[in-house]
>>> print(open('structure35.csv').read())   # CSV, C-alpha atoms
chain,number,residue,atom,x,y,z
U,199,MET,CA,4.0,-12.1,-17.2
U,200,LEU,CA,1.2,-13.1,-14.9
U,201,ALA,CA,-1.7,-12.2,-17.3
U,202,GLU,CA,-0.2,-14.6,-19.9
U,203,SER,CA,-1.7,-17.5,-17.9
U,204,CYS,CA,-5.2,-15.9,-18.2
U,205,PRO,CA,-5.2,-13.0,-20.7
U,206,LEU,CA,-7.7,-10.2,-20.2
U,207,PRO,CA,-10.5,-10.1,-22.8
U,208,THR,CA,-9.4,-9.0,-26.2
U,209,GLY,CA,-12.6,-7.0,-26.5
U,210,LEU,CA,-11.1,-4.4,-24.1
U,211,ASP,CA,-9.7,-1.1,-25.5
U,212,ARG,CA,-6.0,-1.7,-26.2
U,213,ARG,CA,-4.6,1.1,-24.0
U,214,LEU,CA,-6.9,0.1,-21.1
U,215,ARG,CA,-6.0,-3.6,-21.6
U,216,GLU,CA,-2.3,-2.8,-21.3
U,217,GLN,CA,-2.9,-0.8,-18.1
U,218,LEU,CA,-5.0,-3.6,-16.5
U,219,THR,CA,-2.4,-6.1,-17.5
U,220,PHE,CA,0.3,-4.1,-15.8
U,221,ILE,CA,-2.0,-3.7,-12.7
U,222,VAL,CA,-2.2,-7.5,-12.6
U,223,GLU,CA,1.5,-7.9,-13.1
U,224,ILE,CA,2.4,-5.8,-10.1
U,225,ASP,CA,0.4,-8.1,-7.9
U,226,ARG,CA,3.8,-9.8,-7.6
U,227,LEU,CA,5.0,-7.0,-5.3
U,228,LYS,CA,2.8,-8.7,-2.6
U,229,THR,CA,5.1,-11.7,-2.8
U,230,VAL,CA,8.4,-10.0,-2.5
U,231,LEU,CA,9.5,-10.5,1.1
U,232,ARG,CA,11.6,-8.0,3.0
U,233,ALA,CA,13.9,-8.8,5.9
U,234,SER,CA,11.7,-6.8,8.3
U,235,PRO,CA,9.4,-8.6,10.7
U,236,LEU,CA,5.8,-7.3,11.0
U,237,ALA,CA,4.8,-5.7,14.3
U,238,ALA,CA,1.3,-7.3,14.1
U,239,ALA,CA,2.2,-10.9,13.1
U,240,ASP,CA,5.0,-13.4,13.2
U,241,ARG,CA,6.1,-13.2,9.6
U,242,ARG,CA,8.2,-11.0,7.3
U,243,GLU,CA,6.7,-7.9,5.6
U,244,ASN,CA,6.3,-7.8,1.9
U,245,ASP,CA,7.0,-4.9,-0.5
U,246,ALA,CA,3.3,-4.0,-1.1
U,247,GLU,CA,2.6,-3.7,2.6
U,248,HIS,CA,5.7,-1.7,3.1
U,249,SER,CA,4.8,0.7,0.3
U,250,TRP,CA,1.4,1.3,1.8
U,251,HIS,CA,2.9,1.9,5.2
U,252,LEU,CA,5.3,4.5,3.8
U,253,ALA,CA,2.4,6.2,2.0
U,254,MET,CA,0.6,6.5,5.3
U,255,MET,CA,3.7,7.9,6.9
U,256,VAL,CA,4.0,10.6,4.3
U,257,LEU,CA,0.4,11.7,5.2
U,258,LEU,CA,1.2,11.7,8.9
U,259,LEU,CA,4.8,13.0,9.1
U,260,ALA,CA,5.1,15.5,6.2
U,261,GLU,CA,5.1,18.3,8.7
U,262,TYR,CA,8.6,17.2,9.8
U,263,ALA,CA,10.3,17.8,6.4
U,264,ASP,CA,13.0,20.4,6.7
U,265,ARG,CA,12.1,21.7,3.2
U,266,PRO,CA,8.5,22.0,2.2
U,267,ILE,CA,7.2,19.0,0.2
U,268,ASP,CA,4.3,18.3,-2.0
U,269,VAL,CA,2.5,15.5,-0.1
U,270,GLY,CA,0.7,14.1,-3.1
U,271,HIS,CA,3.9,13.9,-5.1
U,272,THR,CA,5.8,12.3,-2.2
U,273,VAL,CA,3.1,9.7,-1.9
U,274,GLN,CA,3.5,8.8,-5.6
U,275,LEU,CA,7.3,8.4,-5.1
U,276,VAL,CA,6.8,5.9,-2.2
U,277,LEU,CA,4.1,4.0,-4.0
U,278,VAL,CA,6.4,3.2,-6.9
U,279,HIS,CA,9.8,3.2,-5.2
U,280,ASP,CA,10.0,-0.6,-4.8
U,281,LEU,CA,8.1,-1.6,-8.0
U,282,VAL,CA,11.1,-2.9,-9.9
U,283,GLU,CA,11.6,-5.5,-7.1
U,284,VAL,CA,8.8,-7.5,-8.8
U,285,TYR,CA,11.6,-8.8,-11.0
U,286,ALA,CA,14.8,-7.7,-9.1
U,287,GLY,CA,13.8,-8.9,-5.6
U,288,ASP,CA,14.5,-7.1,-2.3
U,289,THR,CA,17.9,-6.1,-1.2
U,290,PRO,CA,18.2,-5.9,2.7
U,291,LEU,CA,19.8,-2.8,4.0
U,292,TYR,CA,22.3,-4.6,6.2
U,293,ASP,CA,23.2,-7.4,3.7
U,294,ALA,CA,26.4,-6.3,2.0
U,295,ALA,CA,26.6,-9.4,-0.2
U,296,ALA,CA,23.1,-8.9,-1.6
U,297,ARG,CA,23.8,-5.3,-2.5
U,298,VAL,CA,26.4,-6.3,-5.1
U,299,GLY,CA,25.0,-5.8,-8.6
U,300,GLN,CA,21.8,-4.3,-7.1
U,301,GLU,CA,21.7,-1.2,-9.4
U,302,ALA,CA,22.2,-3.2,-12.6
U,303,ARG,CA,19.5,-5.7,-11.6
U,304,GLU,CA,17.1,-3.0,-10.8
U,305,GLN,CA,17.7,-1.1,-14.1
U,306,ALA,CA,17.1,-4.2,-16.1
U,307,ALA,CA,13.9,-4.9,-14.1
U,308,ALA,CA,12.7,-1.3,-14.8
U,309,ASP,CA,13.3,-1.7,-18.5
U,310,ARG,CA,11.2,-4.9,-18.5
U,311,LEU,CA,8.4,-3.7,-16.2
U,312,PHE,CA,7.7,-0.2,-17.4
U,313,ALA,CA,7.7,-1.4,-21.0
U,314,LEU,CA,4.4,-3.2,-20.2
U,315,LEU,CA,2.6,0.2,-19.9
U,316,PRO,CA,1.5,2.6,-22.7
U,317,ALA,CA,4.7,4.6,-23.4
U,318,ASP,CA,3.5,7.9,-21.8
U,319,GLN,CA,2.7,6.1,-18.5
U,320,GLY,CA,5.7,3.9,-18.5
U,321,ALA,CA,7.9,7.0,-18.9
U,322,ARG,CA,6.0,8.8,-16.1
U,323,LEU,CA,6.4,5.9,-13.6
U,324,ARG,CA,10.1,5.5,-14.5
U,325,ALA,CA,10.6,9.2,-13.9
U,326,LEU,CA,9.1,8.8,-10.5
U,327,TRP,CA,11.3,5.9,-9.7
U,328,ASN,CA,14.4,7.7,-11.0
U,329,GLU,CA,13.5,10.7,-8.9
U,330,PHE,CA,13.3,8.6,-5.8
U,331,GLU,CA,16.6,6.9,-6.6
U,332,ALA,CA,18.5,10.2,-7.3
U,333,ARG,CA,17.3,11.6,-4.0
U,334,THR,CA,17.9,15.3,-5.0
U,335,THR,CA,14.4,16.8,-4.7
U,336,PRO,CA,12.9,17.6,-1.3
U,337,GLU,CA,10.2,15.0,-2.0
U,338,ALA,CA,12.6,12.2,-2.9
U,339,MET,CA,14.8,13.0,0.1
U,340,PHE,CA,11.8,12.8,2.5
U,341,ALA,CA,10.5,9.6,0.8
U,342,LYS,CA,13.9,8.0,1.3
U,343,ALA,CA,14.0,9.1,4.9
U,344,LEU,CA,10.7,7.4,5.6
U,345,ASP,CA,12.0,4.3,3.7
U,346,ARG,CA,14.7,4.2,6.4
U,347,LEU,CA,12.5,5.1,9.3
U,348,GLN,CA,9.7,2.5,8.8
U,349,PRO,CA,11.8,-0.6,9.3
U,350,MET,CA,13.3,1.0,12.4
U,351,LEU,CA,9.8,1.0,13.9
U,352,LEU,CA,9.3,-2.7,13.0
U,353,ASN,CA,12.7,-3.5,14.5
U,354,TRP,CA,11.8,-1.7,17.6
U,355,MET,CA,8.6,-3.7,17.9
U,356,SER,CA,10.4,-7.0,17.6
U,357,ASP,CA,13.2,-6.5,20.1
U,358,GLY,CA,15.8,-5.6,17.4
U,359,GLY,CA,14.5,-7.2,14.2
U,360,THR,CA,17.0,-6.9,11.4
U,361,TRP,CA,19.5,-5.1,13.6
U,362,ARG,CA,19.9,-8.5,15.4
U,363,THR,CA,19.5,-10.6,12.2
U,364,TYR,CA,22.5,-8.8,10.6
U,365,GLY,CA,24.4,-8.0,13.8
U,366,ALA,CA,24.4,-4.3,13.2
U,367,THR,CA,26.1,-2.0,15.7
U,368,ALA,CA,24.3,1.3,16.8
U,369,ASP,CA,26.9,3.2,14.8
U,370,GLU,CA,26.2,1.2,11.7
U,371,VAL,CA,22.4,1.7,12.1
U,372,LEU,CA,22.9,5.5,12.4
U,373,HIS,CA,25.2,5.5,9.4
U,374,ARG,CA,22.8,3.4,7.2
U,375,THR,CA,19.8,5.6,8.2
U,376,ALA,CA,21.6,9.0,7.8
U,377,ALA,CA,19.1,9.8,5.1
U,378,ILE,CA,16.5,10.5,7.8
U,379,GLY,CA,18.4,13.4,9.4
U,380,GLU,CA,19.3,14.8,6.0
U,381,ALA,CA,15.6,15.3,5.2
U,382,SER,CA,14.3,16.0,8.7
U,383,SER,CA,16.2,17.3,11.7
U,384,ALA,CA,13.2,16.4,14.0
U,385,LEU,CA,13.1,12.8,12.7
U,386,GLY,CA,16.9,12.6,12.8
U,387,ASP,CA,16.7,13.5,16.5
U,388,ALA,CA,14.0,10.8,17.1
U,389,VAL,CA,16.2,8.2,15.4
U,390,ARG,CA,19.1,9.0,17.7
U,391,THR,CA,16.7,8.6,20.7
U,392,ILE,CA,15.4,5.3,19.4
U,393,VAL,CA,18.8,3.8,18.5
U,394,GLY,CA,20.3,5.0,21.8
U,395,GLU,CA,17.6,3.1,23.7
U,396,ALA,CA,17.9,0.1,21.4
U,397,GLU,CA,21.6,0.0,22.2
U,398,GLN,CA,21.0,0.1,25.9
U,399,ARG,CA,18.6,-2.8,25.6
U,400,GLY,CA,21.2,-4.8,23.8
U,401,TRP,CA,19.3,-5.0,20.5
U,402,THR,CA,22.3,-3.8,18.5
U,403,ARG,CA,25.7,-5.5,18.4
U,404,THR,CA,28.4,-4.1,20.7
U,405,SER,CA,31.4,-2.9,18.7
U,406,ALA,CA,34.6,-5.0,19.2
R,90,MET,CA,-2.7,-1.3,21.2
R,91,LEU,CA,0.4,-2.9,19.6
R,92,ALA,CA,2.9,-0.4,21.0
R,93,GLU,CA,1.7,-1.2,24.6
R,94,SER,CA,3.8,-4.4,24.4
R,95,CYS,CA,6.9,-2.3,23.6
R,96,PRO,CA,6.2,1.4,24.2
R,97,LEU,CA,8.3,3.8,22.1
R,98,PRO,CA,11.0,5.8,24.1
R,99,THR,CA,9.5,8.4,26.4
R,100,GLY,CA,12.3,10.7,25.4
R,101,LEU,CA,10.5,11.4,22.1
R,102,ASP,CA,8.5,14.6,21.5
R,103,ARG,CA,4.9,13.9,22.6
R,104,ARG,CA,3.2,14.6,19.3
R,105,LEU,CA,5.7,12.6,17.3
R,106,ARG,CA,5.4,9.7,19.8
R,107,GLU,CA,1.6,9.6,19.3
R,108,GLN,CA,2.1,9.7,15.5
R,109,LEU,CA,4.7,6.9,15.6
R,110,THR,CA,2.5,4.8,17.9
R,111,PHE,CA,-0.4,5.2,15.4
R,112,ILE,CA,1.9,4.2,12.6
R,113,VAL,CA,2.9,1.0,14.5
R,114,GLU,CA,-0.8,0.3,15.3
R,115,ILE,CA,-1.9,0.3,11.7
R,116,ASP,CA,0.6,-2.4,11.0
R,117,ARG,CA,-2.4,-4.6,11.9
R,118,LEU,CA,-4.0,-3.8,8.5
R,119,LYS,CA,-1.4,-6.2,7.0
R,120,THR,CA,-3.1,-9.0,9.0
R,121,VAL,CA,-6.7,-8.3,7.9
R,122,LEU,CA,-7.5,-10.8,5.2
R,123,ARG,CA,-9.9,-10.2,2.4
R,124,ALA,CA,-11.9,-12.8,0.5
R,125,SER,CA,-10.0,-12.1,-2.7
R,126,PRO,CA,-7.2,-14.5,-3.8
R,127,LEU,CA,-3.9,-13.0,-5.0
R,128,ALA,CA,-3.0,-13.3,-8.7
R,129,ALA,CA,0.7,-13.9,-7.8
R,130,ALA,CA,0.4,-16.4,-5.0
R,131,ASP,CA,-1.9,-19.0,-3.6
R,132,ARG,CA,-3.3,-17.1,-0.6
R,133,ARG,CA,-5.8,-14.4,0.2
R,134,GLU,CA,-5.0,-10.7,-0.1
R,135,ASN,CA,-4.7,-8.5,3.0
R,136,ASP,CA,-6.0,-4.9,3.4
R,137,ALA,CA,-2.6,-3.2,3.3
R,138,GLU,CA,-1.8,-4.9,0.0
R,139,HIS,CA,-5.2,-4.1,-1.4
R,140,SER,CA,-4.9,-0.4,-0.4
R,141,TRP,CA,-1.5,-0.1,-2.1
R,142,HIS,CA,-2.9,-1.8,-5.2
R,143,LEU,CA,-5.8,0.7,-5.3
R,144,ALA,CA,-3.4,3.6,-4.9
R,145,MET,CA,-1.4,2.4,-8.0
R,146,MET,CA,-4.7,2.1,-9.9
R,147,VAL,CA,-5.5,5.7,-9.1
R,148,LEU,CA,-2.1,6.7,-10.7
R,149,LEU,CA,-2.7,4.6,-13.8
R,150,LEU,CA,-6.5,4.9,-14.4
R,151,ALA,CA,-7.3,8.5,-13.3
R,152,GLU,CA,-7.7,9.5,-17.0
R,153,TYR,CA,-11.0,7.4,-17.1
R,154,ALA,CA,-12.8,9.4,-14.5
R,155,ASP,CA,-15.9,11.0,-16.0
R,156,ARG,CA,-15.5,14.1,-13.8
R,157,PRO,CA,-12.0,15.5,-13.3
R,158,ILE,CA,-10.3,14.3,-10.1
R,159,ASP,CA,-7.4,15.4,-8.0
R,160,VAL,CA,-5.1,12.4,-8.2
R,161,GLY,CA,-3.2,13.2,-5.0
R,162,HIS,CA,-6.5,13.5,-3.0
R,163,THR,CA,-7.9,10.3,-4.5
R,164,VAL,CA,-4.8,8.4,-3.5
R,165,GLN,CA,-5.2,9.7,0.1
R,166,LEU,CA,-8.8,8.4,0.1
R,167,VAL,CA,-7.8,4.9,-1.0
R,168,LEU,CA,-4.9,4.7,1.4
R,169,VAL,CA,-7.2,5.3,4.4
R,170,HIS,CA,-10.4,3.7,3.1
R,171,ASP,CA,-10.0,0.4,4.9
R,172,LEU,CA,-8.1,1.6,8.0
R,173,VAL,CA,-11.0,1.1,10.4
R,174,GLU,CA,-10.8,-2.6,9.5
R,175,VAL,CA,-7.8,-2.9,11.9
R,176,TYR,CA,-10.5,-3.3,14.5
R,177,ALA,CA,-13.7,-3.9,12.5
R,178,GLY,CA,-12.4,-6.6,10.2
R,179,ASP,CA,-13.1,-7.0,6.5
R,180,THR,CA,-16.7,-7.5,5.2
R,181,PRO,CA,-16.7,-9.4,1.9
R,182,LEU,CA,-18.8,-7.8,-0.8
R,183,TYR,CA,-20.9,-10.9,-1.6
R,184,ASP,CA,-21.4,-12.0,2.1
R,185,ALA,CA,-24.8,-10.8,3.1
R,186,ALA,CA,-24.6,-12.1,6.6
R,187,ALA,CA,-21.3,-10.4,7.3
R,188,ARG,CA,-22.7,-7.1,6.2
R,189,VAL,CA,-25.2,-7.0,9.1
R,190,GLY,CA,-24.0,-4.4,11.6
R,191,GLN,CA,-21.1,-3.4,9.4
R,192,GLU,CA,-21.6,0.4,9.7
R,193,ALA,CA,-21.9,0.4,13.5
R,194,ARG,CA,-18.8,-1.8,13.8
R,195,GLU,CA,-16.9,0.5,11.6
R,196,GLN,CA,-18.0,3.7,13.3
R,197,ALA,CA,-16.9,2.3,16.7
R,198,ALA,CA,-13.6,1.3,15.2
R,199,ALA,CA,-13.1,4.7,13.8
R,200,ASP,CA,-13.8,6.3,17.2
R,201,ARG,CA,-11.1,4.1,18.7
R,202,LEU,CA,-8.5,4.3,16.0
R,203,PHE,CA,-8.4,8.0,15.1
R,204,ALA,CA,-8.4,8.9,18.8
R,205,LEU,CA,-4.8,7.6,18.9
R,206,LEU,CA,-3.6,10.5,16.8
R,207,PRO,CA,-3.1,14.1,17.7
R,208,ALA,CA,-6.6,15.7,17.4
R,209,ASP,CA,-5.9,17.6,14.2
R,210,GLN,CA,-4.6,14.6,12.3
R,211,GLY,CA,-7.3,12.3,13.7
R,212,ALA,CA,-9.9,14.7,12.4
R,213,ARG,CA,-8.2,14.9,9.0
R,214,LEU,CA,-8.0,11.1,8.6
R,215,ARG,CA,-11.6,10.7,9.7
R,216,ALA,CA,-12.7,13.3,7.3
R,217,LEU,CA,-11.0,11.4,4.5
R,218,TRP,CA,-12.7,8.2,5.6
R,219,ASN,CA,-16.1,9.9,5.8
R,220,GLU,CA,-15.6,11.4,2.3
R,221,PHE,CA,-14.8,7.9,0.9
R,222,GLU,CA,-17.9,6.4,2.6
R,223,ALA,CA,-20.3,9.2,1.6
R,224,ARG,CA,-19.2,8.8,-2.1
R,225,THR,CA,-20.4,12.2,-3.2
R,226,THR,CA,-17.2,13.9,-4.4
R,227,PRO,CA,-15.8,12.9,-7.8
R,228,GLU,CA,-12.7,11.7,-6.0
R,229,ALA,CA,-14.6,9.5,-3.6
R,230,MET,CA,-16.8,8.1,-6.4
R,231,PHE,CA,-13.7,7.2,-8.4
R,232,ALA,CA,-12.0,5.7,-5.4
R,233,LYS,CA,-15.0,3.5,-4.7
R,234,ALA,CA,-15.1,2.5,-8.4
R,235,LEU,CA,-11.5,1.2,-8.1
R,236,ASP,CA,-12.3,-0.6,-4.8
R,237,ARG,CA,-14.9,-2.5,-6.9
R,238,LEU,CA,-12.7,-3.0,-9.9
R,239,GLN,CA,-9.5,-4.3,-8.3
R,240,PRO,CA,-11.0,-7.6,-6.9
R,241,MET,CA,-12.6,-8.2,-10.3
R,242,LEU,CA,-9.1,-8.4,-11.7
R,243,LEU,CA,-8.0,-10.8,-9.0
R,244,ASN,CA,-11.2,-12.9,-9.6
R,245,TRP,CA,-10.4,-13.0,-13.3
R,246,MET,CA,-6.9,-14.2,-12.6
R,247,SER,CA,-8.2,-17.1,-10.4
R,248,ASP,CA,-10.9,-18.5,-12.7
R,249,GLY,CA,-13.7,-16.7,-10.8
R,250,GLY,CA,-12.3,-16.1,-7.3
R,251,THR,CA,-15.0,-14.8,-5.0
R,252,TRP,CA,-17.7,-14.9,-7.7
R,253,ARG,CA,-17.4,-18.7,-7.3
R,254,THR,CA,-16.8,-18.7,-3.5
R,255,TYR,CA,-20.1,-16.9,-3.0
R,256,GLY,CA,-21.9,-18.3,-6.0
R,257,ALA,CA,-22.6,-14.8,-7.5
R,258,THR,CA,-24.5,-14.6,-10.8
R,259,ALA,CA,-23.3,-12.2,-13.5
R,260,ASP,CA,-26.3,-9.9,-12.8
R,261,GLU,CA,-25.4,-9.8,-9.1
R,262,VAL,CA,-21.7,-9.0,-10.0
R,263,LEU,CA,-22.9,-6.1,-12.2
R,264,HIS,CA,-25.2,-4.9,-9.6
R,265,ARG,CA,-22.6,-5.0,-6.8
R,266,THR,CA,-20.1,-3.2,-8.9
R,267,ALA,CA,-22.4,-0.6,-10.4
R,268,ALA,CA,-20.2,2.1,-8.6
R,269,ILE,CA,-17.7,1.6,-11.4
R,270,GLY,CA,-19.9,2.8,-14.2
R,271,GLU,CA,-21.2,5.6,-12.1
R,272,ALA,CA,-17.7,7.1,-11.9
R,273,SER,CA,-16.3,6.1,-15.3
R,274,SER,CA,-18.3,5.1,-18.4
R,275,ALA,CA,-15.1,3.6,-19.9
R,276,LEU,CA,-14.4,1.4,-16.9
R,277,GLY,CA,-18.1,0.5,-16.7
R,278,ASP,CA,-17.9,-0.7,-20.3
R,279,ALA,CA,-14.8,-2.7,-19.5
R,280,VAL,CA,-16.6,-4.4,-16.6
R,281,ARG,CA,-19.4,-5.5,-18.8
R,282,THR,CA,-16.9,-7.0,-21.2
R,283,ILE,CA,-15.1,-8.8,-18.3
R,284,VAL,CA,-18.2,-10.1,-16.6
R,285,GLY,CA,-19.7,-11.2,-20.0
R,286,GLU,CA,-16.6,-13.2,-20.7
R,287,ALA,CA,-16.5,-14.6,-17.1
R,288,GLU,CA,-20.2,-15.7,-17.5
R,289,GLN,CA,-19.4,-17.5,-20.8
R,290,ARG,CA,-16.5,-19.4,-19.1
R,291,GLY,CA,-18.9,-20.5,-16.3
R,292,TRP,CA,-17.1,-18.5,-13.5
R,293,THR,CA,-20.4,-17.0,-12.4
R,294,ARG,CA,-23.4,-18.9,-11.2
R,295,THR,CA,-26.2,-19.4,-13.7
R,296,SER,CA,-29.5,-17.9,-12.5
R,297,ALA,CA,-32.2,-20.4,-11.6
>>> encode(input="structure35.csv", output="structure tokens")
Amino acid sequence: MLAESCPLPTGLDRRLREQLTFIVEIDRLKTVLRASPLAAADRRENDAEHSWHLAMMVLLLAEYADRPIDVGHTVQLVLVHDLVEVYAGDTPLYDAAARVGQEAREQAAADRLFALLPADQGARLRALWNEFEARTTPEAMFAKALDRLQPMLLNWMSDGGTWRTYGATADEVLHRTAAIGEASSALGDAVRTIVGEAEQRGWTRTSA
Amino acid sequence: MLAESCPLPTGLDRRLREQLTFIVEIDRLKTVLRASPLAAADRRENDAEHSWHLAMMVLLLAEYADRPIDVGHTVQLVLVHDLVEVYAGDTPLYDAAARVGQEAREQAAADRLFALLPADQGARLRALWNEFEARTTPEAMFAKALDRLQPMLLNWMSDGGTWRTYGATADEVLHRTAAIGEASSALGDAVRTIVGEAEQRGWTRTSA
């Protein structure tokens, strides 16, 4: 735990001290690198940046959800959706090998991470994370759609990004990002336009 | 504009294309460095990471607001509070020289940035930014309090961080972070505990 190296003052109220210790601990999310390249700099994105970007996308694109969503709740889902990666690490979408054991790793990370919080708040954050993962509520479906759409924009801005890194075909990209069209027909249409254009430019791998 | 180097497909619906172009543009926030050092790595924090961290703090610390706040709205305020820095840059809290002309720089940046969006959304984001800056609603007061508290935690984790960088005295730290106690007496108490302990450890400058 990060705060073990420099514990917060013991004079703090116990509940608040646990909360602040957790807040320090999740600073680690800023060091978890994703496969996606930034549009604005020549380096990979990290999970904290990605989570902020998704939250902004909720504010700007909520109007495209096919079923009405609670914007504030959807924002909460995307803020916490990658938290367990502080211990479990990121699993790139097109990296089949990395995906083996992902769920067990993330459940173990969730057990460890959320236990740092006062019980009521740990349970609340875990419920948000479970809701995102289960992808059954309109909010969770839309959050997952944006989680798929955001890296597509970064790939677009870097002449193919992870589509090239992992040699994905246009069909594979459409298959892996199907969650977008399932939550929003308008965004699903946009994805087909973007992937079609990316394929024409040679940014996706041509099927054998 | 970032997307000028690689415009999104013209086949996209015009409104959506403007929104996605804006979403690409704000990728720049990930490259705006703050003075604060991370707790989890040996580098400075950027604005996108900071904004995500504040949003998490809203979810976890809302219970300490002296006046009731709408959590979802407060999260929106912190998500957009630093957006104009994509053009205006960051202004460190303890850097008096950098603060000269800050407001004019940020207003000009806001004019330029929010104009990229469809008018209704540009107006909505600007209103959120204005509300944060005016700091009169309970939500804006609490958001500003967290904006002051978060770097204190990072300073704590790095044996003084920007308190040392800028040679701030304990009194100056308490003065510059007074917004915390104005929004939350409990968090204001915590700040006095933290700064008192930091002073004892020699992390703040001793007054002449």
>>> residues_around(input="structure35.csv", residues="His139 in chain R", least_positions_apart="5", cutoff="9 Å", atoms="only C-alpha atoms", output="list of chain:residue names")
U:Ala246, U:Glu247, R:Arg123, R:Glu134, R:Ala144, R:Asp236, R:Gln239, R:Pro240
>>> closest_residue(input="structure35.csv", among="U:Ala325, U:Cys204, U:Val389, U:Leu347", to="Ala308 in chain U", atoms="all atoms listed in the file")
U:Ala325
>>> closest_residue(input="structure35.csv", among="R:Glu152, R:Asp179, R:Asp116, R:Glu107", to="chain U", atoms="all atoms listed in the file")
R:Asp116
>>> residues_near_point(input="structure35.csv", point="(-15.5, -3.4, -3.5)", cutoff="12 Å", atoms="only C-alpha atoms", output="ChimeraX atom specification")
/R:123-125,136,139-140,143,167,170-171,179-184,222,230-243,251,262-269
>>> closest_atom_pairs(input="structure35.csv", of="chain U", to="chain R", cutoff="8 Å", atoms="all atoms listed in the file", output="tab-separated table")
residue	atom	partner	partner_atom	distance
U:Leu200	CA	R:Ala129	CA	7.2
U:Ala201	CA	R:Met246	CA	7.3
U:Cys204	CA	R:Met246	CA	6.1
U:Leu206	CA	R:Ile283	CA	7.8
U:Pro207	CA	R:Ile283	CA	6.6
U:Gly209	CA	R:Thr282	CA	6.8
U:Leu210	CA	R:Ala279	CA	6.1
U:Gln217	CA	R:Leu149	CA	6.9
U:Leu218	CA	R:Leu242	CA	7.9
U:Ile221	CA	R:Met146	CA	7.0
U:Val222	CA	R:Leu242	CA	7.0
U:Asp225	CA	R:Ala129	CA	5.8
U:Arg226	CA	R:Ala129	CA	5.1
U:Lys228	CA	R:Glu138	CA	6.5
U:Thr229	CA	R:Ala130	CA	7.0
U:Leu236	CA	R:Asp116	CA	7.1
U:Ala237	CA	R:Asp116	CA	6.3
U:Ala238	CA	R:Arg117	CA	5.1
U:Ala239	CA	R:Thr120	CA	7.0
U:Ala246	CA	R:Glu138	CA	5.3
U:Glu247	CA	R:Glu138	CA	5.2
U:Ser249	CA	R:Trp141	CA	6.8
U:Trp250	CA	R:Trp141	CA	5.1
U:His251	CA	R:Asp116	CA	7.6
U:Ala253	CA	R:Leu168	CA	7.5
U:Met254	CA	R:Leu168	CA	7.0
U:Met255	CA	R:Ile112	CA	7.0
U:Leu257	CA	R:Gln165	CA	7.8
U:Leu258	CA	R:Gln108	CA	7.0
U:Leu259	CA	R:Gln108	CA	7.7
U:Val269	CA	R:Gly161	CA	7.9
U:Gly270	CA	R:Gly161	CA	4.4
U:His271	CA	R:Gly161	CA	7.1
U:Val273	CA	R:Gly161	CA	7.8
U:Gln274	CA	R:Leu148	CA	7.9
U:Leu277	CA	R:Met145	CA	7.0
U:Val278	CA	R:Met145	CA	7.9
U:Gln319	CA	R:Leu149	CA	7.3
U:Leu351	CA	R:Val113	CA	6.9
U:Leu352	CA	R:Val113	CA	7.5
U:Trp354	CA	R:Cys95	CA	7.8
U:Met355	CA	R:Cys95	CA	6.1
U:Ala388	CA	R:Leu101	CA	6.1
U:Thr391	CA	R:Gly100	CA	6.8
U:Ile392	CA	R:Pro98	CA	6.5
U:Glu395	CA	R:Pro98	CA	7.1
>>> closest_residue(input="structure35.csv", among="U:Ala317, U:Val282, U:Ala338, U:Ala294", to="Val256 in chain U", atoms="all atoms listed in the file")
U:Ala338
>>> atom_distance(input="structure35.csv", atom1="CA of Leu217 in chain R", atom2="CA of Arg156 in chain R")
19.0 Å
>>> atom_distance(input="structure35.csv", atom1="CA of Met199 in chain U", atom2="CA of Pro235 in chain U")
28.6 Å
>>> atom_distance(input="structure35.csv", atom1="CA of Gln289 in chain R", atom2="CA of Asp260 in chain R")
13.0 Å
>>> closest_residue(input="structure35.csv", among="U:Arg242, U:Tyr285, U:Glu304, U:Ala366", to="Asn328 in chain U", atoms="all atoms listed in the file")
U:Glu304
